[in-house]
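Read through the structure below, which is laid out as structure tokens, and then see the notes.
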Amino acid sequence: SQTIHQWPATLVQPVGSPLSLECTVEGTSNPNLYWYRQAAGRGLQLLFYSVGIGQISSEVPQNLSASRPQDRQFILSSKKLLLSDSGFYLCAWNRPPSYEQYFGPGTRLTVT
Amino acid sequence: AQKVTQAQTEISVVEKEDVTLDCVYETRDTTYYLFWYKQPPSGELVFLIRRNSFDEQNEISGRYSWNFQKSTSSFNFTITASQVVDSAVYFCALTGSGNTGKLIFGQGTTLQVKP
């Protein structure tokens, strides 16, 4: 069976510090990978998606970047965090031609 | 452009009541997929159902049922005999048939089931 991991689970970082969130998927190959952010406990905003190694598409211009160094690894980064980067970050995967996405446990980021 | 609207921000019911969560969508795609996800207090999104645009048959899974109507662009979710464990935020989502699989989410409905 497939599982998706995210770490860390929670993170408190000062403004201006760097960020690295990691997501890995087990039990599948060539997945599509996605990063979402949920602010204020409400709607989900798609930040980045990747259909293959080294292929990253950005949905919203922002202070963040993403990378996919390996088939089942997706990393969300920032060089300098802003207060507005606080939120709940969710990683997800799907395996075409299936369309449903499966989500990780999330990382709760607080920028102080 | 694609859009999903969940007009109900919060719903509160008493245990054992039936409750319907509304979802209205907009898309120009002829082939598309609709989803419902549950987000319990722990935060992880749990996949509940996928419905294809070419299949309007309603579906029942235990106490859950889904009513898909293309004529009104709606995909409503009903919980029968609600339980306290059903308390969560529920999201409706939409995607087209492209290979990116990007999901467009509604704003979510917070369901509180009181004992």
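Scheme for the structure tokens: letters A, B, ... for chains in order shown; per-chain residue numbers from 1; ligand numbers from 1 in order shown.
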
Problem set entry | Contact residues (chain A, partner chain B, 6 Å, only C-alpha atoms) as a list in words |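 Residues of chain A within 6 Å of chain B, counting only C-alpha atoms: Gly43, Tyr99, Phe103 and Pro105 of chain A.
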
Keeping N, CA, C and O atoms, export the residues of the selection given above as an mmCIF file, in the first residue's frame.
```cif
data_model
loop_
_atom_site.group_PDB
_atom_site.id
_atom_site.type_symbol
_atom_site.label_atom_id
_atom_site.label_comp_id
_atom_site.auth_asym_id
_atom_site.auth_seq_id
_atom_site.Cartn_x
_atom_site.Cartn_y
_atom_site.Cartn_z
ATOM 1 N N GLY A 43 -9.820 27.261 3.133
ATOM 2 C CA GLY A 43 -9.610 26.677 1.816
ATOM 3 C C GLY A 43 -8.169 26.336 1.516
ATOM 4 O O GLY A 43 -7.241 26.888 2.104
ATOM 5 N N TYR A 99 -7.373 10.068 -10.655
ATOM 6 C CA TYR A 99 -7.386 11.500 -10.387
ATOM 7 C C TYR A 99 -7.471 11.864 -8.916
ATOM 8 O O TYR A 99 -7.175 12.993 -8.548
ATOM 9 N N PHE A 103 -3.464 12.717 0.636
ATOM 10 C CA PHE A 103 -2.739 13.760 1.335
ATOM 11 C C PHE A 103 -1.911 13.219 2.491
ATOM 12 O O PHE A 103 -2.270 12.228 3.130
ATOM 13 N N PRO A 105 0.059 14.061 6.314
ATOM 14 C CA PRO A 105 -0.468 14.568 7.584
ATOM 15 C C PRO A 105 -0.308 16.072 7.760
ATOM 16 O O PRO A 105 -0.926 16.651 8.643
#
```

List the spatial neighbours of Val13 of chain B as a tab-separated table (two decimals) with all heavy atoms, in the first residue's frame - criterion: any atom at most 9 Å away, only C-alpha atoms, same-chain residues fewer than 3 positions off excluded.
```
chain	number	residue	atom	x	y	z
B	16	LYS	N	-27.71	12.08	15.17
B	16	LYS	CA	-28.78	11.29	14.57
B	16	LYS	C	-29.60	12.07	13.55
B	16	LYS	O	-30.42	11.46	12.85
B	16	LYS	CB	-29.71	10.67	15.62
B	16	LYS	CG	-29.00	9.68	16.54
B	16	LYS	CD	-29.96	8.99	17.49
B	16	LYS	CE	-29.20	8.05	18.42
B	16	LYS	NZ	-30.12	7.37	19.38
B	17	GLU	N	-29.38	13.37	13.45
B	17	GLU	CA	-30.04	14.12	12.39
B	17	GLU	C	-29.36	13.84	11.05
B	17	GLU	O	-28.17	13.53	11.00
B	17	GLU	CB	-29.98	15.63	12.67
B	17	GLU	CG	-30.88	16.12	13.77
B	17	GLU	CD	-30.82	17.63	13.90
B	17	GLU	OE1	-30.22	18.29	13.03
B	17	GLU	OE2	-31.38	18.15	14.86
B	18	ASP	N	-30.11	13.98	9.96
B	18	ASP	CA	-29.53	13.92	8.63
B	18	ASP	C	-29.05	15.32	8.25
B	18	ASP	O	-29.65	16.33	8.63
B	18	ASP	CB	-30.57	13.44	7.61
B	18	ASP	CG	-31.09	12.05	7.91
B	18	ASP	OD1	-30.48	11.35	8.75
B	18	ASP	OD2	-32.10	11.66	7.30
B	19	VAL	N	-27.98	15.38	7.47
B	19	VAL	CA	-27.45	16.67	7.07
B	19	VAL	C	-26.94	16.59	5.65
B	19	VAL	O	-26.34	15.57	5.25
B	19	VAL	CB	-26.33	17.14	8.03
B	19	VAL	CG1	-25.18	16.14	8.10
B	19	VAL	CG2	-25.83	18.52	7.67
B	82	SER	N	-26.37	11.36	11.58
B	82	SER	CA	-25.03	11.88	11.87
B	82	SER	C	-24.54	11.45	13.25
B	82	SER	O	-25.33	11.20	14.17
B	82	SER	CB	-25.03	13.40	11.76
B	82	SER	OG	-25.94	13.96	12.68
B	111	LEU	N	-18.74	21.09	9.72
B	111	LEU	CA	-19.89	20.39	10.29
B	111	LEU	C	-19.62	20.08	11.75
B	111	LEU	O	-18.61	19.46	12.09
B	111	LEU	CB	-20.15	19.09	9.52
B	111	LEU	CG	-21.23	18.18	10.12
B	111	LEU	CD1	-22.59	18.86	10.08
B	111	LEU	CD2	-21.29	16.84	9.40
B	112	GLN	N	-20.52	20.52	12.59
B	112	GLN	CA	-20.43	20.20	14.02
B	112	GLN	C	-21.63	19.34	14.39
B	112	GLN	O	-22.78	19.76	14.21
B	112	GLN	CB	-20.40	21.45	14.88
B	112	GLN	CG	-20.23	21.17	16.36
B	112	GLN	CD	-20.24	22.42	17.20
B	112	GLN	OE1	-20.88	23.42	16.85
B	112	GLN	NE2	-19.56	22.39	18.33
B	113	VAL	N	-21.37	18.16	14.87
B	113	VAL	CA	-22.43	17.26	15.32
B	113	VAL	C	-22.39	17.21	16.84
B	113	VAL	O	-21.40	16.76	17.43
B	113	VAL	CB	-22.27	15.86	14.72
B	113	VAL	CG1	-23.42	14.96	15.18
B	113	VAL	CG2	-22.21	15.91	13.20
B	114	LYS	N	-23.46	17.67	17.44
B	114	LYS	CA	-23.51	17.73	18.90
B	114	LYS	C	-24.18	16.49	19.47
B	114	LYS	O	-25.12	15.97	18.88
B	114	LYS	CB	-24.28	18.97	19.34
B	114	LYS	CG	-23.65	20.27	18.88
B	114	LYS	CD	-24.49	21.47	19.31
B	114	LYS	CE	-23.85	22.77	18.84
B	114	LYS	NZ	-24.70	23.95	19.20
B	115	PRO	N	-23.69	16.00	20.59
B	115	PRO	CA	-24.30	14.79	21.18
B	115	PRO	C	-25.66	15.07	21.77
B	115	PRO	O	-26.04	16.22	22.00
B	115	PRO	CB	-23.29	14.40	22.28
B	115	PRO	CG	-22.51	15.62	22.55
B	115	PRO	CD	-22.50	16.45	21.30
```

For this session: Fewer than 4 positions away in the same chain doesn't count, so skip those; otherwise give me all residues within 6 Å of segment 16-24 of chain A, counting only C-alpha atoms, as a PyMOL selection string.
Result: chain A and resi 4-7+72-81

For this session: Rank A:Gly54, A:Asn63, A:Trp93, A:Gln38 by their smallest atom-to-atom distance to Leu109 of chain A, using only C-alpha atoms, and report the top residue only.
Result: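 Among A:Gly54, A:Asn63, A:Trp93, A:Gln38, it is A:Gln38 that comes nearest to Leu109 of chain A.
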
For this session: Please report, as a PyMOL selection string, each residue of chain B to which DSSP assigns strand (DSSP E) when run on this structure's backbone.
Result: chain B and resi 3-5+10-14+19-21+24-26+32-39+46-52+59-61+64-69+74-79+88-96+104-105+109-114

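For Tyr49 of chain A, the residues within 9 Å (counting only C-alpha atoms, excluding itself and residues fewer than 6 positions away along the chain) are Asn32, Leu33, Tyr34, Trp35, Tyr36, Gln55, Ile56, Ser57, Ser58, Glu59 and Ala66 of chain A; Thr100 and Lys102 of chain B.
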
Could you take the residues named above and write them with N, CA, C and O atoms, as a compact mmCIF listing (two decimals), in the first residue's frame?
```
# COMPACT_ATOMS: atom_id res chain seq x y z
N ASN A 32 2.32 12.01 -9.52
CA ASN A 32 2.24 13.46 -9.53
C ASN A 32 2.29 13.90 -8.07
O ASN A 32 1.68 13.26 -7.20
N LEU A 33 2.98 15.00 -7.81
CA LEU A 33 3.11 15.50 -6.43
C LEU A 33 2.64 16.94 -6.35
O LEU A 33 2.82 17.71 -7.30
N TYR A 34 2.07 17.30 -5.21
CA TYR A 34 1.45 18.61 -5.04
C TYR A 34 1.78 19.18 -3.66
O TYR A 34 1.84 18.45 -2.67
N TRP A 35 1.97 20.50 -3.62
CA TRP A 35 2.04 21.23 -2.36
C TRP A 35 0.86 22.19 -2.28
O TRP A 35 0.62 22.97 -3.21
N TYR A 36 0.13 22.12 -1.15
CA TYR A 36 -0.98 23.03 -0.88
C TYR A 36 -0.69 23.79 0.41
O TYR A 36 0.01 23.31 1.30
N GLN A 55 10.64 18.53 -12.71
CA GLN A 55 9.57 19.29 -13.36
C GLN A 55 8.67 19.91 -12.30
O GLN A 55 7.95 19.20 -11.61
N ILE A 56 8.74 21.23 -12.19
CA ILE A 56 7.98 21.95 -11.17
C ILE A 56 7.15 23.03 -11.85
O ILE A 56 7.68 23.79 -12.67
N SER A 57 5.87 23.09 -11.50
CA SER A 57 5.00 24.16 -11.98
C SER A 57 4.51 24.94 -10.78
O SER A 57 4.06 24.36 -9.79
N SER A 58 4.62 26.26 -10.90
CA SER A 58 4.20 27.14 -9.81
C SER A 58 2.84 27.73 -10.15
O SER A 58 2.61 28.18 -11.27
N GLU A 59 1.97 27.69 -9.15
CA GLU A 59 0.62 28.21 -9.36
C GLU A 59 0.47 29.66 -8.90
O GLU A 59 -0.34 30.39 -9.44
N ALA A 66 9.89 25.09 -4.92
CA ALA A 66 9.77 23.66 -4.73
C ALA A 66 10.78 22.94 -5.60
O ALA A 66 11.21 23.47 -6.64
N THR B 100 -2.29 16.94 -15.40
CA THR B 100 -1.72 17.54 -14.20
C THR B 100 -2.50 17.14 -12.95
O THR B 100 -1.95 17.12 -11.86
N LYS B 102 -4.65 18.79 -11.27
CA LYS B 102 -4.80 19.85 -10.28
C LYS B 102 -6.23 19.90 -9.77
O LYS B 102 -7.17 19.90 -10.54
```

Problem set entry | From B:Asn58, B:Gln2, B:Thr30, B:Gln8, residue lying nearest Phe75 of chain B [only C-alpha atoms] | B:Asn58

For this session: Return the single residue from B:Arg63, B:Arg28, B:Lys3, B:Lys38 that is closest to Thr78 of chain B, with distances computed using only C-alpha atoms.
Result: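 Of B:Arg63, B:Arg28, B:Lys3, B:Lys38, the one nearest Thr78 of chain B is B:Arg63, counting only C-alpha atoms.
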
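Closest approach to Val84 of chain B among B:Tyr25, B:Phe68, B:Pro40, B:Thr20 is made by B:Pro40 (distances from only C-alpha atoms).
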
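Among the candidate residues B:Ile60, B:Gln39, B:Leu21, B:Ile11, the one lying nearest to Asn76 of chain B is B:Leu21, with distances computed using only C-alpha atoms.
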
Exercise. At what distance in Å, to one decimal, does atom CA of Ser65 of chain B lie from atom CA of Cys23 of chain B?
Worked result: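 These two atoms are separated by 13.4 Å.
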
Exercise. What is the atom CA of Gln69 of chain B-atom CA of Gln6 of chain B distance in Å, reported with one decimal?
Worked result: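 Taking atom CA of Gln69 of chain B and atom CA of Gln6 of chain B, their separation equals 15.3 Å.
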
Exercise. Between atom CA of Ser86 of chain A and atom CA of Pro14 of chain A, what is the spacing in Å?
Worked result: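 Those two atoms sit 10.5 Å apart.
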
Problem set entry | Shortest interatomic distance to Pro31 of chain A - which of A:Thr107, A:Thr112, A:Ser98, A:Ser84, counting only C-alpha atoms | A:Ser98
